[in-house]
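Remarks on the structure that follows.
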There are 2 protein chains.
Amino acid sequence: MSNDNYAESELYKIRHSAAHVMAEAVRDLFPEAKLAIGPPIEDGFYYDFDLGKDENGKPRTFSEDDLANIDKRFKQLLKKNAPFNQSSMKVADALEFFKEEPYKVELIEDLVKNEGVEEVGIYQHREFADLCRGPHVPFTKKVRHNAAQVLRTSGAYWRGDENREQLQRIYGTAFESKEDLQAFLEALEEAKERDHRRLGKQLGLFHISALVGSGLILWLPKGAMLRETLEQFMRKAQLDRGYLPVITPHIGSIELYKTSGHYEKYSKDQFPPITLDDDEEYMLKPMNCPHHIAIYDAEPRSYRDLPLRLAEFGTVYRYEKSGQLNGLTRVRGFTVDDSHLFVTPDQLEDEFIGVIELIKHVFTTMGMTDFEARLGVNDPESDKYIGGMDVWARGIAAIEAAAKAANMPYTIDVGEAAFYGPKLDFMVRDVLKREWQLGTIQVDFNLPERFGLEYTGEDGEKHRPIMIHRAPFGSMERFIGVLIEHFNGAFPLWMAPVQVTMVPIADRHIPYAEKVAGELRALGMRVEVDGSSDRMNKKIRNAQLQKIPYMLVVGDSEEEAGQVAVRTRDGGNLGTQDVAAFKLSALEKISTFARDL
Amino acid sequence: MSNDNYAESELYKIRHSAAHVMAEAVRDLFPEAKLAIGPPIEDGFYYDFDLGKDENGKPRTFSEDDLANIDKRFKQLLKKNAPFNQSSMKVADALEFFKEEPYKVELIEDLVKNEGVEEVGIYQHREFADLCRGPHVPFTKKVRHNAAQVLRTSGAYWRGDENREQLQRIYGTAFESKEDLQAFLEALEEAKERDHRRLGKQLGLFHISALVGSGLILWLPKGAMLRETLEQFMRKAQLDRGYLPVITPHIGSIELYKTSGHYEKYSKDQFPPITLDDDEEYMLKPMNCPHHIAIYDAEPRSYRDLPLRLAEFGTVYRYEKSGQLNGLTRVRGFTVDDSHLFVTPDQLEDEFIGVIELIKHVFTTMGMTDFEARLGVNDPESDKYIGGMDVWARGIAAIEAAAKAANMPYTIDVGEAAFYGPKLDFMVRDVLKREWQLGTIQVDFNLPERFGLEYTGEDGEKHRPIMIHRAPFGSMERFIGVLIEHFNGAFPLWMAPVQVTMVPIADRHIPYAEKVAGELRALGMRVEVDGSSDRMNKKIRNAQLQKIPYMLVVGDSEEEAGQVAVRTRDGGNLGTQDVAAFKLSALEKISTFARDL
């Protein structure tokens with residue numbers, strides 16, 4: 001969703017007003033609740049409350065029953081009309097007025113301290129008055145009771161600071177129409193259904209074990225197969241484009257990261273060093289670039305070696321607070337389909353075009369056809385960027401020329417460059433229209449300088465190469481998390497961890513099922529045989545729950561005729577086919593990365 | 001080389017005596033040298049000397065010129081005959097006799113302290129007398145001057161203790177005949193030529209960077225390609241045998257390793273823990289087993305899930321002192337072609353047979369046909385083994401039955417089992433007849449117990465699975481180090497990082513060379529085009545130095561006829577062939593893992 005003008009929209013006012021009415025409902029039911037803040041947000045609004053402590057000294061929370069009651073009261077209050085009245089109050093009066101509300105008092109005191117205000121704004125409807133700048137709808141009924149809904153509750157810290165009071169947040173939403181709310185709730189339900197954590201468990205893709213550690217993904221066999229399939233696809237795409245594979249270790253001496261600058265710039269986002277007795281220190285690698293630079297630097301380079309495109313599926317480790325971890329999308333260890341291109345200034349534009357072309361190829365093959373690019377450039381006002389303005393201008397010009405040549409539309413984000421150079425990020429919309437930042441291409445003038453990289457030019461002189469960092473998938477973990485939700489777990493045939501389940505109707509058909517399975521496997525297909533004692537329909541249902549593309553049912557007549565009865569995971573019945581015909585059609589779908597069965 | 005009876009052999013006496021004569025030569029030339037010890041070793045002998053300090057306070061060393069002079073004097077002394085006389089000396093007399101030799105004094109004092117001796121043995125020839133138990137040859141001429149040789153020098157610590165004096169070691173060797181010495185020196189030269197560190201650099205396979213860290217391998221593009229080819233071969237072999245891929249992180253919480261027992265048992269061999277602020281501790285994983293166990297334990301298991309064969313190319317990190325590191329064969333990070341099989345007791349033997357069969361398949365395909373197995377069993381006298389004697393007996397019986405069924409000869413090594421179960425190690429001889437311990441299979445009763453692993457049996461009761469640990473390659477790094485030396489860098493076609501170099505005779509033939517290269521690449525072959533300005537013969541020589549299997553020379557006549565002129569790396573000229581014919585013959589060699597071109 002684009003945020004353009006949202007803050008000035010009618011919807012924003014509706015949601016802001018709904019937050020007040022929901023807080024009114026909470027105060028009706030929990031008169032002791034202290035009010036914190038209640039802003040509109042992208043998909044609705046929230047309000048934070050302090051309910052005091054329970055008998056164990058823990059913050060009291062809202063139960064599911066409480067939420068239901070609040071939702072009921074919220075809707076009752078919406079039906080009873082009342083105007084929103086705006087007024088101003090002198091600071092001293094406001095402090096007296098809100099004296100029972102410590103969070104409002106703190107907010108007022110901060111307004112005085114930071115903005116030097118003498119009066120504060122108040123919005124009131126019925127008896128509910130809130131410290132607020134608005135805007136609001138004119139009267140509460142403008143928030144339609146059948147287009148608003150209390151959604152869920154969660155913990156939150158006052159001012160987002162984990163050292164401050166722990167509050168109870170209630171999320172709700174409101175729309176202009178009942179239909180909009182319905183569409184939103186359905187999308188929410190769909191997203192829940194598609195949640196990669198839920199599907200990851202159901203489909204046996206990955207597991208996180210408390211004993212191994214938070215944010216560390218254990219890829220189960222089917223997930224590992226999916227990941228290896230994607231890596232093979234990328235490996236092939238890269239080999240075809242002259243990339244060279246390398247493999248580097250997952251640790252490096254601290255000196256390496258001091259030279260690269262990562263140690264200083266990112267130390268809070270890294271795992272702490274490993275210190276050996278003799279004062280050697282190592283870091284888990286947070287990035288692959290310094291290792292690839294060490295490979296560039298392993299021998300003297302000449303212009304004939306460039307462009308040098310080093311590629312690795314490099315697993316890196318970064319420290320994220322455990323509260324921020326989430327399934328595959330926020331993790332502590334992830335594998336980047338990383339590559340570093342070492343190029344001469346003359347090669348920059350062409351190489352950039354090549355990378356854009358590769359990324360378009362990747363997204364299109366993955367069935368992600370709705371994407372756009374954002375060009376992050378330096379903010380000329382800021383001093384956080386290194387390198388001269390002329391170098392930046394040349395880099396940006398090369399990217400813009402490349403994007404145009406590659407027919408890749410982009411928008412420009414000032415101040416969104418990396419500190420070491422401009423970048424092009426790829427924003428992909430999934431089928432739920434959610435936007436993800438996936439691939440990225442960055443131009444780097446900094447690391448070649450820090451490591452003193454050189455090549456001998458045609459002129460016999462030493463020159464400095466430019467680096468391009470690029471990762472079409474980005475993180476394999478995060479990308480697969482998005483893919484799972486995008487496809488709702490029903491991956492295209494070429495990608496599916498198991499492509500075919502053989503369904504023998506009776507035990508006597510198992511040998512024939514195994515024979516067909518063996519023939520398909522010899523073609524490189526991934527096939528399971530359901531030799532259980534379940535009945536045929538149960539076997540088909542089980543395979544459908546696992547979202548396996550094809551079920552091949554075999555009984556007496558199929559065996560006799562050398563055929564299979566082909567069913568699909570979406571309930572389709574493609575009838576009885578010769579085994580050879582099925583093979584051909586499946587192989588064709590696999591080799592063309594077909595999305596449909 | 002087998003050490004059986006070496007200590008009682010004539011060769012042992014010859015070498016021991018040669019050590020004395022070489023020390024005599026050193027004393028002739030360096031009268032100030034203090035004598036330490038000089039034993040026979042596997043391929044010869046050494047003697048350690050203390051030459052005092054130089055003007056900077058550093059230990060003085062032998063130069064190459066010194067070594068040449070010593071060798072000359074050594075051979076002169078061997079030609080002058082003199083008897084070896086044995087005698088005994090009272091401790092007090094010996095201390096007086098050796099009073100100028102502090103190392104001998106220390107040895108005598110230790111003999112008194114540790115063994116309570118009252119007399120010590122002395123061997124003397126001419127004026128050179130040494131503290132020595134013998135045995136020696138009767139007179140010096142029994143060491144033939146043309147069958148003995150000073151080899152090299154290196155530093156050494158007194159008693160191998162890096163806190164004690166630093167000494168200068170001279171290695172030499174002696175054989176019974178001139179021919180034996182010649183054969184040895186040739187093998188030594190051959191081994192030097194084949195040294196994987198030398199070839200690794202020459203062929204661009206791997207690099208070790210001081211800035212990244214000691215013992216950490218950077219796989220350069222050609223090495224990475226070789227490694228990926230081997231991994232793909234293994235991946236396929238495993239998929240064919242019902243193994244399931246998994247991928248796990250390179251770190252794990254310290255609790256995981258405390259549960260597994262690795263933390264306690266192996267803490268000195270591991271990198272120290274990574275400690276986070278909130279007292280979470282992580283270890284770089286020294287083994288993959290605990291992670292695979294976490295995957296087994298990710299869901300309730302039934303007998304229907306077994307055998308469960310989880311496979312991963314898992315990179316592990318272990319701490320080795322920097323002095324012990326050596327190229328690819330002793331490293332701090334290495335990748336194990338690891339698998340853990342979770343089996344019922346009934347399945348143990350069959351699964352073990354399957355693993356032996358896989359390992360034989362692997363070694364044979366690699367062209368390593370000279371291997372045998374060693375069954376490491378527990379020592380009934382020792383208390384270091386866990387688990388009851390009956391469990392051990394059952395495990396050993398299963399392995400023996402499996403080895404017999406798989407037609408795999410083995411010898412039994414008492415006391416060579418892992419503490420947790422018996423194992424079968426595979427000893428492979430390379431073309432230089434050197435023996436390497438490569439693959440291993442281990443039976444484990446311990447970890448399933450420590451982690452409380454269970455499965456529900458057909459009887460509905462809970463049972464404990466047995467684990468098999470296995471790795472046919474062992475460490476990818478070490479295995480490739482051995483492979484490089486085994487093949488002298490001239491890998492079989494299927495394995496070669498670059499399989500074909502296109503050699504256009506003139507620049508105008510480059511487009512045709514590129515066209516043929518493209519066709520070969522489309523078949524999955526790895527092809528380079530030498531588009532340099534070098535002449536044809538230079539191009540061929542360069543490709544031969546890189547040990548690239550085929551050079552395809554193309555000029556006017558080849559282009560016109562759609563042909564290529566095929567040369568091989570060993571100087572062979574296979575004449576002019578149609579491109580289609582070359583393709584067919586190369587593909588056949590690749591698909592059959594042929595060793596010859």
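In the structure tokens, chains take letters A, B, ... by order of appearance, with residues numbered from 1 within each chain and ligands from 1 in the order shown.
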Find the spatial neighbours of A:His250, counting only C-alpha atoms, within a cut-off of 9 Å - ignore same-chain residues fewer than 2 positions away - and output them as an mmCIF file with all heavy atoms, in the first residue's frame.
```cif
data_model
loop_
_atom_site.group_PDB
_atom_site.id
_atom_site.type_symbol
_atom_site.label_atom_id
_atom_site.label_comp_id
_atom_site.auth_asym_id
_atom_site.auth_seq_id
_atom_site.Cartn_x
_atom_site.Cartn_y
_atom_site.Cartn_z
ATOM 1 N N THR A 248 33.836 -19.927 0.477
ATOM 2 C CA THR A 248 34.683 -19.310 1.508
ATOM 3 C C THR A 248 34.181 -19.709 2.899
ATOM 4 O O THR A 248 33.025 -20.109 3.062
ATOM 5 C CB THR A 248 34.692 -17.771 1.360
ATOM 6 O OG1 THR A 248 33.393 -17.257 1.667
ATOM 7 C CG2 THR A 248 35.087 -17.339 -0.043
ATOM 8 N N GLY A 252 36.145 -15.240 9.789
ATOM 9 C CA GLY A 252 37.299 -14.526 9.267
ATOM 10 C C GLY A 252 37.942 -13.779 10.416
ATOM 11 O O GLY A 252 37.278 -13.487 11.423
ATOM 12 N N MET A 283 35.564 -13.484 13.648
ATOM 13 C CA MET A 283 34.153 -13.117 13.621
ATOM 14 C C MET A 283 33.404 -14.126 12.766
ATOM 15 O O MET A 283 33.918 -14.570 11.738
ATOM 16 C CB MET A 283 33.963 -11.765 12.935
ATOM 17 C CG MET A 283 34.688 -10.587 13.526
ATOM 18 S SD MET A 283 33.883 -9.955 15.000
ATOM 19 C CE MET A 283 32.272 -9.527 14.356
ATOM 20 N N LEU A 284 32.177 -14.457 13.176
ATOM 21 C CA LEU A 284 31.252 -15.095 12.244
ATOM 22 C C LEU A 284 31.033 -14.092 11.126
ATOM 23 O O LEU A 284 30.760 -12.920 11.400
ATOM 24 C CB LEU A 284 29.913 -15.340 12.932
ATOM 25 C CG LEU A 284 29.767 -16.613 13.735
ATOM 26 C CD1 LEU A 284 28.416 -16.589 14.439
ATOM 27 C CD2 LEU A 284 29.852 -17.841 12.835
ATOM 28 N N LYS A 285 31.102 -14.517 9.864
ATOM 29 C CA LYS A 285 31.054 -13.482 8.832
ATOM 30 C C LYS A 285 29.655 -12.888 8.710
ATOM 31 O O LYS A 285 28.687 -13.633 8.537
ATOM 32 C CB LYS A 285 31.602 -13.971 7.487
ATOM 33 C CG LYS A 285 30.789 -14.949 6.714
ATOM 34 C CD LYS A 285 31.432 -15.208 5.321
ATOM 35 C CE LYS A 285 30.774 -16.418 4.670
ATOM 36 N NZ LYS A 285 31.415 -16.812 3.402
ATOM 37 N N PRO A 286 29.536 -11.550 8.793
ATOM 38 C CA PRO A 286 28.230 -10.913 8.617
ATOM 39 C C PRO A 286 27.963 -10.617 7.154
ATOM 40 O O PRO A 286 26.835 -10.328 6.770
ATOM 41 C CB PRO A 286 28.366 -9.613 9.416
ATOM 42 C CG PRO A 286 29.829 -9.291 9.352
ATOM 43 C CD PRO A 286 30.571 -10.604 9.246
ATOM 44 N N ASN A 288 29.737 -11.476 2.894
ATOM 45 C CA ASN A 288 30.696 -12.273 2.136
ATOM 46 C C ASN A 288 31.748 -11.435 1.412
ATOM 47 O O ASN A 288 32.757 -11.975 0.953
ATOM 48 C CB ASN A 288 29.955 -13.129 1.094
ATOM 49 C CG ASN A 288 29.011 -14.127 1.738
ATOM 50 O OD1 ASN A 288 29.433 -14.947 2.548
ATOM 51 N ND2 ASN A 288 27.733 -14.059 1.404
ATOM 52 N N GLY A 314 26.578 -17.860 0.107
ATOM 53 C CA GLY A 314 27.374 -17.651 1.310
ATOM 54 C C GLY A 314 26.493 -17.426 2.527
ATOM 55 O O GLY A 314 25.688 -16.497 2.549
ATOM 56 N N THR A 315 26.649 -18.303 3.508
ATOM 57 C CA THR A 315 25.832 -18.185 4.718
ATOM 58 C C THR A 315 26.482 -17.202 5.676
ATOM 59 O O THR A 315 27.660 -17.335 5.997
ATOM 60 C CB THR A 315 25.668 -19.551 5.384
ATOM 61 O OG1 THR A 315 25.142 -20.465 4.426
ATOM 62 C CG2 THR A 315 24.718 -19.469 6.565
ATOM 63 N N VAL A 316 25.722 -16.210 6.091
ATOM 64 C CA VAL A 316 26.235 -15.181 6.997
ATOM 65 C C VAL A 316 25.401 -15.175 8.281
ATOM 66 O O VAL A 316 24.282 -15.682 8.309
ATOM 67 C CB VAL A 316 26.207 -13.784 6.335
ATOM 68 C CG1 VAL A 316 27.106 -13.748 5.108
ATOM 69 C CG2 VAL A 316 24.779 -13.398 5.951
ATOM 70 N N TYR A 317 25.993 -14.623 9.310
ATOM 71 C CA TYR A 317 25.337 -14.599 10.622
ATOM 72 C C TYR A 317 25.303 -13.176 11.150
ATOM 73 O O TYR A 317 26.314 -12.479 11.126
ATOM 74 C CB TYR A 317 26.084 -15.535 11.592
ATOM 75 C CG TYR A 317 25.915 -16.972 11.165
ATOM 76 C CD1 TYR A 317 26.785 -17.557 10.243
ATOM 77 C CD2 TYR A 317 24.826 -17.706 11.609
ATOM 78 C CE1 TYR A 317 26.588 -18.851 9.802
ATOM 79 C CE2 TYR A 317 24.621 -19.000 11.171
ATOM 80 C CZ TYR A 317 25.508 -19.569 10.271
ATOM 81 O OH TYR A 317 25.295 -20.854 9.827
ATOM 82 N N HIS B 250 25.704 -23.191 11.095
ATOM 83 C CA HIS B 250 27.090 -23.479 11.485
ATOM 84 C C HIS B 250 27.362 -23.155 12.937
ATOM 85 O O HIS B 250 28.492 -23.257 13.388
ATOM 86 C CB HIS B 250 28.047 -22.698 10.576
ATOM 87 C CG HIS B 250 27.807 -22.998 9.133
ATOM 88 N ND1 HIS B 250 26.990 -22.226 8.351
ATOM 89 C CD2 HIS B 250 28.224 -24.022 8.359
ATOM 90 C CE1 HIS B 250 26.921 -22.754 7.141
ATOM 91 N NE2 HIS B 250 27.650 -23.844 7.112
ATOM 92 N N THR B 315 29.641 -27.938 7.001
ATOM 93 C CA THR B 315 30.950 -27.356 7.312
ATOM 94 C C THR B 315 31.101 -27.200 8.812
ATOM 95 O O THR B 315 30.238 -26.615 9.464
ATOM 96 C CB THR B 315 31.096 -25.995 6.612
ATOM 97 O OG1 THR B 315 30.856 -26.188 5.217
ATOM 98 C CG2 THR B 315 32.499 -25.443 6.808
ATOM 99 N N GLY B 333 38.648 -25.341 9.282
ATOM 100 C CA GLY B 333 37.257 -25.421 8.859
ATOM 101 C C GLY B 333 37.178 -26.430 7.735
ATOM 102 O O GLY B 333 37.964 -26.329 6.790
#
```
Would you mind writing down, as a PyMOL selection string, each residue of stretch 310-547 of chain A that DSSP on the backbone assigns to strand (DSSP E)?
-> chain A and resi 310-317+333-343+371-377+410-414+423-429+435-444+455-456+462-463+466-471+500-504+527-529
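In chain B, the set of residues within 6 Å of chain A (atoms considered: only C-alpha atoms) is Leu211, Val212, Gly213, Leu218, Trp219, Leu220, Pro221, Ala224, Leu244, Pro245, Val246, Ile247, Thr248, Gly252, Ser253, Leu256 and Ile274 of chain B.
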Fewer than 2 positions away in the same chain doesn't count, so skip those; otherwise give me all residues within 7 Å of stretch 32-45 of chain B, counting only C-alpha atoms, as a ChimeraX atom specification.
-> /B:12,15-16,19,27,30,47-51,101,103-104,171-174
Stretch 27-110 of chain A: which residues are alpha helix (DSSP H) by DSSP, as an NGL selection string?
-> :A and (27-29 or 64-79 or 91-97 or 102-110)
I'd like the contact shell of A:Leu29 - 9 Å cut-off, only C-alpha atoms, skipping same-chain residues fewer than 6 positions apart - returned as an mmCIF file with N, CA and C atoms, in the first residue's frame.
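Output contents, as saved in out_32.cif:
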```cif
data_model
loop_
_atom_site.group_PDB
_atom_site.id
_atom_site.type_symbol
_atom_site.label_atom_id
_atom_site.label_comp_id
_atom_site.auth_asym_id
_atom_site.auth_seq_id
_atom_site.Cartn_x
_atom_site.Cartn_y
_atom_site.Cartn_z
ATOM 1 N N ASP A 66 -12.100 -10.459 26.921
ATOM 2 C CA ASP A 66 -12.066 -9.005 27.066
ATOM 3 C C ASP A 66 -12.168 -8.347 25.695
ATOM 4 N N ASN A 69 -15.611 -8.418 24.320
ATOM 5 C CA ASN A 69 -16.466 -7.427 24.986
ATOM 6 C C ASN A 69 -16.150 -6.010 24.525
ATOM 7 N N ILE A 70 -14.861 -5.745 24.348
ATOM 8 C CA ILE A 70 -14.476 -4.404 23.900
ATOM 9 C C ILE A 70 -15.019 -4.147 22.500
ATOM 10 N N ARG A 73 -18.763 -3.401 22.763
ATOM 11 C CA ARG A 73 -18.993 -2.059 23.308
ATOM 12 C C ARG A 73 -18.584 -0.986 22.285
#
```
Which residue, A:Ile293, A:Val482, A:Ala7, A:Leu181, has the smallest gap to A:Met368 when you use only C-alpha atoms?
->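 With only C-alpha atoms as the atom set, the closest residue is A:Val482.
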Option closest in space to B:Glu416, from B:Val443, B:Leu375, B:Lys90, B:Lys384 [counting only C-alpha atoms] = B:Leu375
The distance between atom CA of B:Asp130 and atom CA of B:Ser63 is 24.9 Å
What's the 12 Å shell around A:Lys589, counting only C-alpha atoms, without same-chain residues fewer than 2 positions away, as a list in words?
->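 That gives Pro492, Leu493, Trp494, Met495, Gln499, Met525, Pro549, Phe582, Lys583, Leu584, Ser585, Ala586, Leu587, Ser591, Thr592, Phe593, Ala594, Arg595, Asp596 and Leu597 of chain A.
Of note, atom CA of B:Ser88 and atom CA of B:Ile108 are spaced 12.7 Å apart.
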Would you list the contacts of A:Arg508 as number ranges by chain, taking every protein, DNA or RNA residue within 12 Å and counting only C-alpha atoms, but skipping same-chain residues closer than 6 positions in sequence?
-> A: 514, 531, 533, 554-556, 559
Residues just named, written with N, CA and C atoms as a PDB file, in the first residue's frame:
```pdb
ATOM      1  N   GLU A 514       6.176 -48.714  -7.867  1.00  0.00           N
ATOM      2  CA  GLU A 514       7.621 -48.527  -7.655  1.00  0.00           C
ATOM      3  C   GLU A 514       8.357 -48.475  -8.991  1.00  0.00           C
ATOM      4  N   GLY A 531       2.868 -46.333  -0.019  1.00  0.00           N
ATOM      5  CA  GLY A 531       2.651 -47.771   0.167  1.00  0.00           C
ATOM      6  C   GLY A 531       1.898 -48.081   1.450  1.00  0.00           C
ATOM      7  N   SER A 533      -1.358 -48.424   4.188  1.00  0.00           N
ATOM      8  CA  SER A 533      -2.576 -49.227   4.090  1.00  0.00           C
ATOM      9  C   SER A 533      -3.812 -48.342   3.918  1.00  0.00           C
ATOM     10  N   VAL A 554      -2.621 -45.951  -9.659  1.00  0.00           N
ATOM     11  CA  VAL A 554      -2.420 -47.152 -10.483  1.00  0.00           C
ATOM     12  C   VAL A 554      -3.151 -48.349  -9.873  1.00  0.00           C
ATOM     13  N   GLY A 555      -3.948 -48.983 -10.704  1.00  0.00           N
ATOM     14  CA  GLY A 555      -4.672 -50.202 -10.329  1.00  0.00           C
ATOM     15  C   GLY A 555      -4.460 -51.238 -11.410  1.00  0.00           C
ATOM     16  N   ASP A 556      -5.334 -52.250 -11.420  1.00  0.00           N
ATOM     17  CA  ASP A 556      -5.168 -53.354 -12.387  1.00  0.00           C
ATOM     18  C   ASP A 556      -5.124 -52.866 -13.834  1.00  0.00           C
ATOM     19  N   GLU A 559      -2.011 -50.859 -14.709  1.00  0.00           N
ATOM     20  CA  GLU A 559      -0.815 -51.709 -14.771  1.00  0.00           C
ATOM     21  C   GLU A 559      -0.783 -52.495 -16.073  1.00  0.00           C
TER      22      GLU A 559
END
```
Which of these, A:Asn446, A:Thr140, A:Thr153, A:Gln124, has the shortest distance to A:Ile386 once you count only C-alpha atoms?
->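 Closest to A:Ile386, using only C-alpha atoms: A:Asn446.
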Which residue out of A:Gln86, A:Gln546, A:Gln232, A:Gln437 has the minimum interatomic distance to A:Asn488 when only C-alpha atoms are used?
->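 Closest to A:Asn488, using only C-alpha atoms: A:Gln546.
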Which residues come within 9 Å of A:Asp337, counting only C-alpha atoms, excluding same-chain residues fewer than 3 positions away, as a PyMOL selection string?
-> chain A and resi 231+234+311-315+470-476
